[in-house]
Amino acid sequence: MADVHYTNVRIFDGGGEAPFMGEVLVQGDRIARVARSGQGVRAAPVGGAQVVDGAGAFLMPGLVEAHTHFSWNDQPTLDAIQRMPPEEHILWCAQVAERYLDMGWTSCVGAATAKPRLDVVIRNAINDGTIVGPRYLAASQEITVPGGLGDTTAPHLPQSEFAFGAIVSGVEEMRRCVRMFVKWGVDSLKINLSGESITGMPSDHCQFTDAEIAVCVEEAKAWGKRVSAHARSCNSIKRCVRHGIEVIYHASFTDTEALDLLEEHKMEHFIAPGLAWLVNTCHHASEWGLTPEVTKKMGYHRELDAALETMQALRKRGVRILPGGDYGFAWTPHGTNAKDLEYFVKLVGMSPMEALLSATAWGGPMMRQGKSIGYIREGCYADLLLIDGDPLVDIKILQDKSRILSVMKGGEFHRAPPVRSMRTTRWAA
Amino acid sequence: MATTLFTNVRILDGAGTLPYAGSVLVQDNRIKSVSRSGAALAPTGATVIDGAGATLMPGMCEAHTHFSWNDAATLSAIQTMPLEEHVLWCRRVAKRYLLAGFTSCVGAACAKPRLDVVIRNAINSGQIPGPRYLAASQEITVPGALGDETLPHLPFPEFSFGVNVNSADEMRKAVRMFLKYGVDSIKLNLSGDNFTPDSPAETTWMSDAEVAAAMDEVRVRGKRGTAHAR
């Protein structure tokens, strides 16, 4: 691995301050030096390092996706995901993993997988270099109850292979299920605590007994694993706090008690609302039969309003809200994930700075990496994006692959920057 | 796809004659023209590769390929690789063949029912890089013969490297299953192999009736039969 010396870059270091002109030296897989420089002033060259003259481009930490499903296959239904055979499915996951890295997501937190081992195998294959992809935390399947969200078996097809989720009923079945996923090597257990209107079970309904949830959390913690929950309903959000479920996905419907609980325990939880699913299901899914009239009847418009109100309130209360969520359906294809940051700015009221921090500074702890990722600081992993333009002015440029000039993960270029002759002159903003 | 002109190359054209100096023009996925002149004009927009006298030859064709053999020492070590890892292994090996100059490979058997078919399809759809590929079935064998890796206390088919059949009818069923999955060829283990001492190379265990049933089905569907025949 060659050392890389970025010069003449505008550095957004993940700390929340305004970007500054400077240079960054990468040695091995880490950031070795960050130096401020005046415009036009060059620091002494470093022997043996490849020099990347950024020409004023924006250098930022790699993005962290908080709610990733590699195995969702850009299809319109859960059933269509489940009908993909395992051989094709693992190839799909490998292809998608690379797509995330292409788009600047150098870390992803798996939020559930469609067959028991897909996430674990992909994480291991990324780590041992068999395939190319972001840093990854592997999830279990969605654990659900008979008839609940993720139970896609049919009366005449009761076989578990037909089910999208892992179906349990009773505390001992839950315990066995958690232990099985732990045996396969997952980093987190995903439990479906609320419904999801598109499947016929309304989003504001709950499932599971408290005893079942308690066993899930108890077993997961005994093995040092994390629990994450699909929790759209108000009661399911409260259950996450009460049971110590660290990652709360969606969190659409809240009351004052729920907001107070989340605020009181804000450093114990991460919220990833997955707004792209709600926005696009409501407004951009007509091609698949989900016209606004249909999705209004399902209750998604009401939920979108509720979710935005909740996120605005949580933002004001300082609760950590992270991007990512349920990309991998036909109307939310993988790779378009930076739309979440646009929604945070446009719909939740975050400043572009807050939106960037939600994808960087909060990403380290979300990846269980503390402050070793998500920052451009000495000693951090060199997960770096070179951006053409300023996301603090226009957050949407992160959705455009051509504006992401290079992607580095752990000191290695996944996409190297284009050479000078291919570019026009660039002026620092 | 682009236009590429190889100039100043020594052309080994595959017909058995001595190489000659010349240039080759490639348009899209075909060879458009071959010239004995070193000074062919490049069409507009062509990428010109000056070979500087290097030899230009057709891609090599591998006639007996097992993407799913995983560089392990035993058949059992191949079979204990889980399905998901096995697919990713095949994906990786397919690229290795292409990088080594084998632009075509003929699958000679795979270790789990659909590995070869899935990899062939993924190459053809552009999802993964790899050579042109003909997908094979698993090795079809008879109980106790080469490829039957089950053990007395582990009789499950998933433990077996090959598919065990025991009668013409079972053979027909196994062959039909592989044809349903989309294989290009059916692999029969007609002889043993000294690698498996209980069924050595000079033994032949499969009956004529079983072989005939397999070939009957293969012909009906216009596919190819291949044999391990020492």
# chains A, B, ... in the order shown; residues from 1 in each chain; ligands from 1
call {"tool": "residues_around", "arguments": {"residues": "Tyr20 of chain B", "least_positions_apart": "6", "cutoff": "10 Å", "atoms": "only C-alpha atoms", "output": "PDB file with N, CA and C atoms, in the first residue's frame"}}
result
ATOM      1  N   VAL B   9       2.198  -6.679 -34.495  1.00  0.00           N
ATOM      2  CA  VAL B   9       2.146  -7.909 -33.707  1.00  0.00           C
ATOM      3  C   VAL B   9       2.514  -9.109 -34.578  1.00  0.00           C
ATOM      4  N   ARG B  10       2.974 -10.169 -33.918  1.00  0.00           N
ATOM      5  CA  ARG B  10       3.237 -11.445 -34.574  1.00  0.00           C
ATOM      6  C   ARG B  10       1.984 -12.265 -34.395  1.00  0.00           C
ATOM      7  N   ILE B  11       1.325 -12.566 -35.480  1.00  0.00           N
ATOM      8  CA  ILE B  11      -0.011 -13.150 -35.373  1.00  0.00           C
ATOM      9  C   ILE B  11       0.058 -14.662 -35.465  1.00  0.00           C
ATOM     10  N   LEU B  12      -0.430 -15.326 -34.415  1.00  0.00           N
ATOM     11  CA  LEU B  12      -0.587 -16.776 -34.420  1.00  0.00           C
ATOM     12  C   LEU B  12      -2.075 -16.993 -34.622  1.00  0.00           C
ATOM     13  N   ASP B  13      -2.481 -17.353 -35.839  1.00  0.00           N
ATOM     14  CA  ASP B  13      -3.917 -17.223 -36.123  1.00  0.00           C
ATOM     15  C   ASP B  13      -4.736 -18.467 -35.821  1.00  0.00           C
ATOM     16  N   SER B  35      -4.560  -8.167 -41.104  1.00  0.00           N
ATOM     17  CA  SER B  35      -3.739  -7.700 -42.216  1.00  0.00           C
ATOM     18  C   SER B  35      -2.292  -8.138 -42.026  1.00  0.00           C
ATOM     19  N   ARG B  36      -1.642  -8.463 -43.140  1.00  0.00           N
ATOM     20  CA  ARG B  36      -0.223  -8.822 -43.045  1.00  0.00           C
ATOM     21  C   ARG B  36       0.653  -7.591 -43.081  1.00  0.00           C
ATOM     22  N   SER B  37       0.070  -6.447 -43.250  1.00  0.00           N
ATOM     23  CA  SER B  37       0.852  -5.222 -43.246  1.00  0.00           C
ATOM     24  C   SER B  37       0.961  -4.687 -41.826  1.00  0.00           C
ATOM     25  N   THR B  55       3.548 -11.462 -29.600  1.00  0.00           N
ATOM     26  CA  THR B  55       2.690 -12.440 -30.275  1.00  0.00           C
ATOM     27  C   THR B  55       1.234 -12.219 -29.897  1.00  0.00           C
ATOM     28  N   LEU B  56       0.405 -12.182 -30.918  1.00  0.00           N
ATOM     29  CA  LEU B  56      -1.036 -12.068 -30.681  1.00  0.00           C
ATOM     30  C   LEU B  56      -1.667 -13.409 -31.017  1.00  0.00           C
TER      31      LEU B  56
END
call {"tool": "select_by_dssp", "arguments": {"residues": "chain B", "states": "strand (DSSP E or B)", "output": "NGL selection string"}}
result
:B and (3-11 or 20-27 or 30-35 or 47-50 or 55-56 or 60-65 or 102-107 or 132-134 or 136-141 or 151 or 154 or 163-164 or 185-189 or 191 or 204 or 224-228)
call {"tool": "residues_around", "arguments": {"residues": "Glu412 of chain A", "least_positions_apart": "6", "cutoff": "10 Å", "atoms": "only C-alpha atoms", "output": "VMD selection string"}}
result
chain A and resid 1 to 4 26 to 30 382 to 384
call {"tool": "closest_residue", "arguments": {"among": "B:Pro58, B:Gly225, B:Pro82, B:Pro155", "to": "Leu115 of chain B", "atoms": "only C-alpha atoms"}}
result
B:Pro82
call {"tool": "interface_residues", "arguments": {"of": "chain B", "to": "chain A", "cutoff": "9 Å", "atoms": "only C-alpha atoms", "output": "PyMOL selection string"}}
result
chain B and resi 83-89+91-92+114-115+118-119+122+127-128
call {"tool": "write_last_selection", "arguments": {"atoms": "N, CA and C atoms", "output": "PDB file, in the first residue's frame"}}
result
ATOM      1  N   LEU B  83     -22.413 -23.145   1.093  1.00  0.00           N
ATOM      2  CA  LEU B  83     -22.888 -22.723  -0.224  1.00  0.00           C
ATOM      3  C   LEU B  83     -22.503 -21.284  -0.567  1.00  0.00           C
ATOM      4  N   GLU B  84     -22.752 -20.361   0.370  1.00  0.00           N
ATOM      5  CA  GLU B  84     -22.518 -18.947   0.059  1.00  0.00           C
ATOM      6  C   GLU B  84     -21.032 -18.687  -0.225  1.00  0.00           C
ATOM      7  N   GLU B  85     -20.171 -19.212   0.633  1.00  0.00           N
ATOM      8  CA  GLU B  85     -18.738 -19.046   0.420  1.00  0.00           C
ATOM      9  C   GLU B  85     -18.314 -19.692  -0.892  1.00  0.00           C
ATOM     10  N   HIS B  86     -18.979 -20.813  -1.218  1.00  0.00           N
ATOM     11  CA  HIS B  86     -18.604 -21.538  -2.416  1.00  0.00           C
ATOM     12  C   HIS B  86     -18.886 -20.720  -3.683  1.00  0.00           C
ATOM     13  N   VAL B  87     -20.001 -20.031  -3.672  1.00  0.00           N
ATOM     14  CA  VAL B  87     -20.330 -19.188  -4.832  1.00  0.00           C
ATOM     15  C   VAL B  87     -19.296 -18.072  -4.980  1.00  0.00           C
ATOM     16  N   LEU B  88     -18.942 -17.438  -3.853  1.00  0.00           N
ATOM     17  CA  LEU B  88     -17.959 -16.353  -3.925  1.00  0.00           C
ATOM     18  C   LEU B  88     -16.593 -16.881  -4.356  1.00  0.00           C
ATOM     19  N   TRP B  89     -16.288 -18.105  -3.940  1.00  0.00           N
ATOM     20  CA  TRP B  89     -15.040 -18.735  -4.404  1.00  0.00           C
ATOM     21  C   TRP B  89     -15.055 -18.896  -5.928  1.00  0.00           C
ATOM     22  N   ARG B  91     -16.765 -17.295  -8.085  1.00  0.00           N
ATOM     23  CA  ARG B  91     -16.723 -15.968  -8.701  1.00  0.00           C
ATOM     24  C   ARG B  91     -15.274 -15.500  -8.828  1.00  0.00           C
ATOM     25  N   ARG B  92     -14.527 -15.742  -7.768  1.00  0.00           N
ATOM     26  CA  ARG B  92     -13.140 -15.301  -7.739  1.00  0.00           C
ATOM     27  C   ARG B  92     -12.281 -16.104  -8.713  1.00  0.00           C
ATOM     28  N   ARG B 114     -25.975 -26.238  -8.262  1.00  0.00           N
ATOM     29  CA  ARG B 114     -26.195 -25.118  -9.176  1.00  0.00           C
ATOM     30  C   ARG B 114     -24.977 -24.208  -9.369  1.00  0.00           C
ATOM     31  N   LEU B 115     -23.869 -24.510  -8.773  1.00  0.00           N
ATOM     32  CA  LEU B 115     -22.732 -23.575  -8.813  1.00  0.00           C
ATOM     33  C   LEU B 115     -22.331 -23.202 -10.231  1.00  0.00           C
ATOM     34  N   VAL B 118     -25.035 -21.068 -12.144  1.00  0.00           N
ATOM     35  CA  VAL B 118     -25.165 -19.700 -11.632  1.00  0.00           C
ATOM     36  C   VAL B 118     -23.979 -18.848 -12.081  1.00  0.00           C
ATOM     37  N   ILE B 119     -22.778 -19.442 -12.031  1.00  0.00           N
ATOM     38  CA  ILE B 119     -21.596 -18.682 -12.432  1.00  0.00           C
ATOM     39  C   ILE B 119     -21.637 -18.388 -13.940  1.00  0.00           C
ATOM     40  N   ALA B 122     -24.069 -15.611 -14.476  1.00  0.00           N
ATOM     41  CA  ALA B 122     -23.573 -14.324 -13.973  1.00  0.00           C
ATOM     42  C   ALA B 122     -22.498 -13.753 -14.907  1.00  0.00           C
ATOM     43  N   GLN B 127     -22.555  -9.650 -14.806  1.00  0.00           N
ATOM     44  CA  GLN B 127     -22.499  -9.371 -13.373  1.00  0.00           C
ATOM     45  C   GLN B 127     -21.107  -9.631 -12.800  1.00  0.00           C
ATOM     46  N   ILE B 128     -20.426 -10.658 -13.309  1.00  0.00           N
ATOM     47  CA  ILE B 128     -19.062 -10.942 -12.842  1.00  0.00           C
ATOM     48  C   ILE B 128     -18.161 -11.163 -14.057  1.00  0.00           C
TER      49      ILE B 128
END
call {"tool": "select_by_dssp", "arguments": {"residues": "segment 102-282 of chain A", "states": "alpha helix (DSSP H)", "output": "VMD selection string"}}
result
chain A and resid 102 118 to 127 171 to 184 210 to 222 234 to 243 256 to 264 275 to 282
call {"tool": "write_last_selection", "arguments": {"atoms": "C-alpha atoms", "output": "PDB file, in the first residue's frame"}}
result
ATOM      1  CA  ASP A 102     -18.483   3.294  -5.243  1.00  0.00           C
ATOM      2  CA  LEU A 118     -25.854 -13.692   3.613  1.00  0.00           C
ATOM      3  CA  ASP A 119     -24.674 -10.779   5.741  1.00  0.00           C
ATOM      4  CA  VAL A 120     -22.091 -12.788   7.662  1.00  0.00           C
ATOM      5  CA  VAL A 121     -20.603 -14.286   4.512  1.00  0.00           C
ATOM      6  CA  ILE A 122     -20.376 -10.910   2.786  1.00  0.00           C
ATOM      7  CA  ARG A 123     -18.758  -9.264   5.809  1.00  0.00           C
ATOM      8  CA  ASN A 124     -16.177 -12.060   6.002  1.00  0.00           C
ATOM      9  CA  ALA A 125     -15.529 -11.935   2.258  1.00  0.00           C
ATOM     10  CA  ILE A 126     -14.969  -8.171   2.412  1.00  0.00           C
ATOM     11  CA  ASN A 127     -12.638  -8.547   5.389  1.00  0.00           C
ATOM     12  CA  VAL A 171     -39.260 -17.214  24.794  1.00  0.00           C
ATOM     13  CA  GLU A 172     -37.446 -20.489  24.205  1.00  0.00           C
ATOM     14  CA  GLU A 173     -37.906 -20.284  20.447  1.00  0.00           C
ATOM     15  CA  MET A 174     -36.571 -16.746  20.620  1.00  0.00           C
ATOM     16  CA  ARG A 175     -33.575 -17.903  22.615  1.00  0.00           C
ATOM     17  CA  ARG A 176     -32.790 -20.672  20.142  1.00  0.00           C
ATOM     18  CA  CYS A 177     -33.174 -18.304  17.217  1.00  0.00           C
ATOM     19  CA  VAL A 178     -30.809 -15.711  18.675  1.00  0.00           C
ATOM     20  CA  ARG A 179     -28.255 -18.384  19.513  1.00  0.00           C
ATOM     21  CA  MET A 180     -28.387 -19.755  15.979  1.00  0.00           C
ATOM     22  CA  PHE A 181     -27.647 -16.362  14.444  1.00  0.00           C
ATOM     23  CA  VAL A 182     -24.875 -15.801  16.976  1.00  0.00           C
ATOM     24  CA  LYS A 183     -23.438 -19.152  15.950  1.00  0.00           C
ATOM     25  CA  TRP A 184     -23.367 -18.007  12.319  1.00  0.00           C
ATOM     26  CA  ASP A 210     -42.192  -8.220  26.617  1.00  0.00           C
ATOM     27  CA  ALA A 211     -40.897 -11.599  27.776  1.00  0.00           C
ATOM     28  CA  GLU A 212     -39.832 -12.520  24.229  1.00  0.00           C
ATOM     29  CA  ILE A 213     -38.120  -9.169  23.708  1.00  0.00           C
ATOM     30  CA  ALA A 214     -36.335  -9.479  27.050  1.00  0.00           C
ATOM     31  CA  VAL A 215     -34.930 -12.886  26.090  1.00  0.00           C
ATOM     32  CA  CYS A 216     -33.743 -11.584  22.732  1.00  0.00           C
ATOM     33  CA  VAL A 217     -31.871  -8.732  24.409  1.00  0.00           C
ATOM     34  CA  GLU A 218     -30.577 -10.936  27.224  1.00  0.00           C
ATOM     35  CA  GLU A 219     -29.127 -13.540  24.845  1.00  0.00           C
ATOM     36  CA  ALA A 220     -27.696 -10.949  22.487  1.00  0.00           C
ATOM     37  CA  LYS A 221     -25.975  -9.107  25.317  1.00  0.00           C
ATOM     38  CA  ALA A 222     -24.662 -12.370  26.783  1.00  0.00           C
ATOM     39  CA  CYS A 234     -45.111   4.609  19.502  1.00  0.00           C
ATOM     40  CA  ASN A 235     -45.214   1.679  21.876  1.00  0.00           C
ATOM     41  CA  SER A 236     -42.451  -0.182  20.038  1.00  0.00           C
ATOM     42  CA  ILE A 237     -40.167   2.853  20.408  1.00  0.00           C
ATOM     43  CA  LYS A 238     -40.800   2.947  24.147  1.00  0.00           C
ATOM     44  CA  ARG A 239     -40.075  -0.770  24.327  1.00  0.00           C
ATOM     45  CA  CYS A 240     -36.704  -0.173  22.645  1.00  0.00           C
ATOM     46  CA  VAL A 241     -35.743   2.268  25.374  1.00  0.00           C
ATOM     47  CA  ARG A 242     -37.086   0.136  28.202  1.00  0.00           C
ATOM     48  CA  HIS A 243     -35.382  -3.036  26.959  1.00  0.00           C
ATOM     49  CA  THR A 256     -44.423  13.258  24.598  1.00  0.00           C
ATOM     50  CA  GLU A 257     -43.537  10.279  26.764  1.00  0.00           C
ATOM     51  CA  ALA A 258     -41.662   8.611  23.905  1.00  0.00           C
ATOM     52  CA  LEU A 259     -39.792  11.811  23.051  1.00  0.00           C
ATOM     53  CA  ASP A 260     -38.887  12.337  26.707  1.00  0.00           C
ATOM     54  CA  LEU A 261     -37.657   8.757  27.006  1.00  0.00           C
ATOM     55  CA  LEU A 262     -35.491   9.081  23.902  1.00  0.00           C
ATOM     56  CA  GLU A 263     -34.059  12.379  25.082  1.00  0.00           C
ATOM     57  CA  GLU A 264     -33.340  11.013  28.542  1.00  0.00           C
ATOM     58  CA  LEU A 275     -37.025   8.510   5.379  1.00  0.00           C
ATOM     59  CA  ALA A 276     -36.310   7.480   1.793  1.00  0.00           C
ATOM     60  CA  TRP A 277     -38.699   4.593   2.163  1.00  0.00           C
ATOM     61  CA  LEU A 278     -41.545   6.795   3.355  1.00  0.00           C
ATOM     62  CA  VAL A 279     -40.920   9.639   0.911  1.00  0.00           C
ATOM     63  CA  ASN A 280     -40.565   7.417  -2.138  1.00  0.00           C
ATOM     64  CA  THR A 281     -43.306   4.968  -1.203  1.00  0.00           C
ATOM     65  CA  CYS A 282     -45.670   7.918  -0.839  1.00  0.00           C
TER      66      CYS A 282
END
call {"tool": "residues_around", "arguments": {"residues": "segment 187-192 of chain B", "least_positions_apart": "6", "cutoff": "7 Å", "atoms": "only C-alpha atoms", "output": "ChimeraX atom specification"}}
result
/B:108-109,136-141,145-146,199-206,225-230
call {"tool": "atom_distance", "arguments": {"atom1": "atom CA of Arg99 of chain A", "atom2": "atom CA of Phe70 of chain A"}}
result
9.9 Å
call {"tool": "atom_distance", "arguments": {"atom1": "atom CA of Ser71 of chain A", "atom2": "atom CA of Gly133 of chain A"}}
result
13.7 Å
call {"tool": "residues_around", "arguments": {"residues": "Ala229 of chain A", "least_positions_apart": "4", "cutoff": "12 Å", "atoms": "only C-alpha atoms", "output": "NGL selection string"}}
result
:A and (67 or 110-112 or 139-144 or 188-195 or 206-208 or 213 or 216-217 or 233 or 236-241 or 243-251 or 269-273)
call {"tool": "residues_around", "arguments": {"residues": "segment 60-65 of chain B", "least_positions_apart": "2", "cutoff": "6 Å", "atoms": "only C-alpha atoms", "output": "PyMOL selection string"}}
result
chain B and resi 102-108
call {"tool": "atom_distance", "arguments": {"atom1": "atom CA of Arg30 of chain B", "atom2": "atom CA of Val48 of chain B"}}
result
16.0 Å
call {"tool": "closest_atom_pairs", "arguments": {"of": "segment 165-251 of chain A", "to": "segment 283-305 of chain A", "cutoff": "9 Å", "atoms": "only C-alpha atoms", "output": "tab-separated table"}}
result
residue	atom	partner	partner_atom	distance
A:Ser197	CA	A:Met298	CA	5.9
A:Ile198	CA	A:Met298	CA	6.7
A:Gly200	CA	A:Met298	CA	8.2
A:Pro202	CA	A:Gly299	CA	7.8
A:Ser203	CA	A:Glu303	CA	8.0
A:Asp204	CA	A:Glu303	CA	8.7
A:Arg232	CA	A:Glu303	CA	8.7
call {"tool": "write_last_selection", "arguments": {"atoms": "C-alpha atoms", "output": "PDB file, in the first residue's frame"}}
result
ATOM      1  CA  SER A 197     -48.354  -1.050   6.421  1.00  0.00           C
ATOM      2  CA  ILE A 198     -47.385  -2.340   2.974  1.00  0.00           C
ATOM      3  CA  GLY A 200     -50.936  -5.552   5.653  1.00  0.00           C
ATOM      4  CA  PRO A 202     -50.235  -1.405  10.094  1.00  0.00           C
ATOM      5  CA  SER A 203     -47.086   0.458  11.085  1.00  0.00           C
ATOM      6  CA  ASP A 204     -48.583   1.636  14.356  1.00  0.00           C
ATOM      7  CA  ARG A 232     -42.480   2.408  13.725  1.00  0.00           C
TER       8      ARG A 232
END
call {"tool": "closest_residue", "arguments": {"among": "A:Trp72, A:Phe344, A:Thr209, A:Trp362", "to": "Gly170 of chain A", "atoms": "only C-alpha atoms"}}
result
A:Thr209
call {"tool": "residues_around", "arguments": {"residues": "Glu161 of chain A", "least_positions_apart": "4", "cutoff": "12 Å", "atoms": "only C-alpha atoms", "output": "list in words"}}
result
Asp79, Ile81, Gln82, Arg83, Met84, Pro85, Pro86, Ala114, Lys115, Pro116, Gln141, Gly150, Asp151, Thr152, Thr153, Ala154, Leu157, Gly165, Ala166 and Ile167 of chain A
call {"tool": "write_last_selection", "arguments": {"atoms": "N, CA and C atoms", "output": "tab-separated table (two decimals), in the first residue's frame"}}
result
chain	number	residue	atom	x	y	z
A	79	ASP	N	-41.58	-10.82	-1.14
A	79	ASP	CA	-41.63	-12.13	-1.77
A	79	ASP	C	-40.61	-12.24	-2.91
A	81	ILE	N	-37.84	-10.71	-3.11
A	81	ILE	CA	-36.51	-10.84	-2.52
A	81	ILE	C	-36.28	-12.29	-2.12
A	82	GLN	N	-37.29	-12.87	-1.51
A	82	GLN	CA	-37.12	-14.20	-0.96
A	82	GLN	C	-37.03	-15.29	-2.02
A	83	ARG	N	-37.57	-15.02	-3.20
A	83	ARG	CA	-37.57	-16.04	-4.25
A	83	ARG	C	-36.24	-16.13	-4.99
A	84	MET	N	-35.32	-15.24	-4.72
A	84	MET	CA	-34.00	-15.33	-5.36
A	84	MET	C	-33.24	-16.50	-4.70
A	85	PRO	N	-32.73	-17.45	-5.51
A	85	PRO	CA	-32.02	-18.58	-4.90
A	85	PRO	C	-30.74	-18.11	-4.20
A	86	PRO	N	-30.26	-18.90	-3.24
A	86	PRO	CA	-29.11	-18.45	-2.44
A	86	PRO	C	-27.86	-18.17	-3.25
A	114	ALA	N	-31.78	-11.33	4.14
A	114	ALA	CA	-32.96	-12.04	3.67
A	114	ALA	C	-32.84	-13.56	3.79
A	115	LYS	N	-31.64	-14.05	3.96
A	115	LYS	CA	-31.43	-15.48	4.21
A	115	LYS	C	-30.39	-15.56	5.33
A	116	PRO	N	-30.37	-16.66	6.11
A	116	PRO	CA	-29.65	-16.60	7.39
A	116	PRO	C	-28.21	-16.11	7.33
A	141	GLN	N	-31.38	-12.29	10.13
A	141	GLN	CA	-32.66	-12.02	9.47
A	141	GLN	C	-33.52	-11.22	10.44
A	150	GLY	N	-42.72	-9.82	8.07
A	150	GLY	CA	-41.60	-10.69	7.71
A	150	GLY	C	-42.00	-12.15	7.63
A	151	ASP	N	-43.22	-12.49	8.10
A	151	ASP	CA	-43.71	-13.86	7.92
A	151	ASP	C	-44.37	-13.93	6.55
A	152	THR	N	-43.62	-14.35	5.54
A	152	THR	CA	-44.17	-14.41	4.18
A	152	THR	C	-44.54	-15.84	3.79
A	153	THR	N	-44.68	-16.72	4.78
A	153	THR	CA	-45.18	-18.06	4.44
A	153	THR	C	-46.65	-17.96	4.08
A	154	ALA	N	-47.13	-18.97	3.36
A	154	ALA	CA	-48.54	-19.02	2.99
A	154	ALA	C	-49.15	-20.25	3.64
A	157	LEU	N	-47.89	-23.17	2.04
A	157	LEU	CA	-46.43	-23.17	1.90
A	157	LEU	C	-45.81	-22.72	3.23
A	165	GLY	N	-38.46	-13.40	7.16
A	165	GLY	CA	-37.88	-13.29	8.49
A	165	GLY	C	-37.72	-14.66	9.14
A	166	ALA	N	-37.15	-14.65	10.34
A	166	ALA	CA	-37.07	-15.87	11.15
A	166	ALA	C	-38.23	-15.80	12.14
A	167	ILE	N	-39.10	-16.81	12.09
A	167	ILE	CA	-40.36	-16.73	12.83
A	167	ILE	C	-40.24	-17.50	14.15
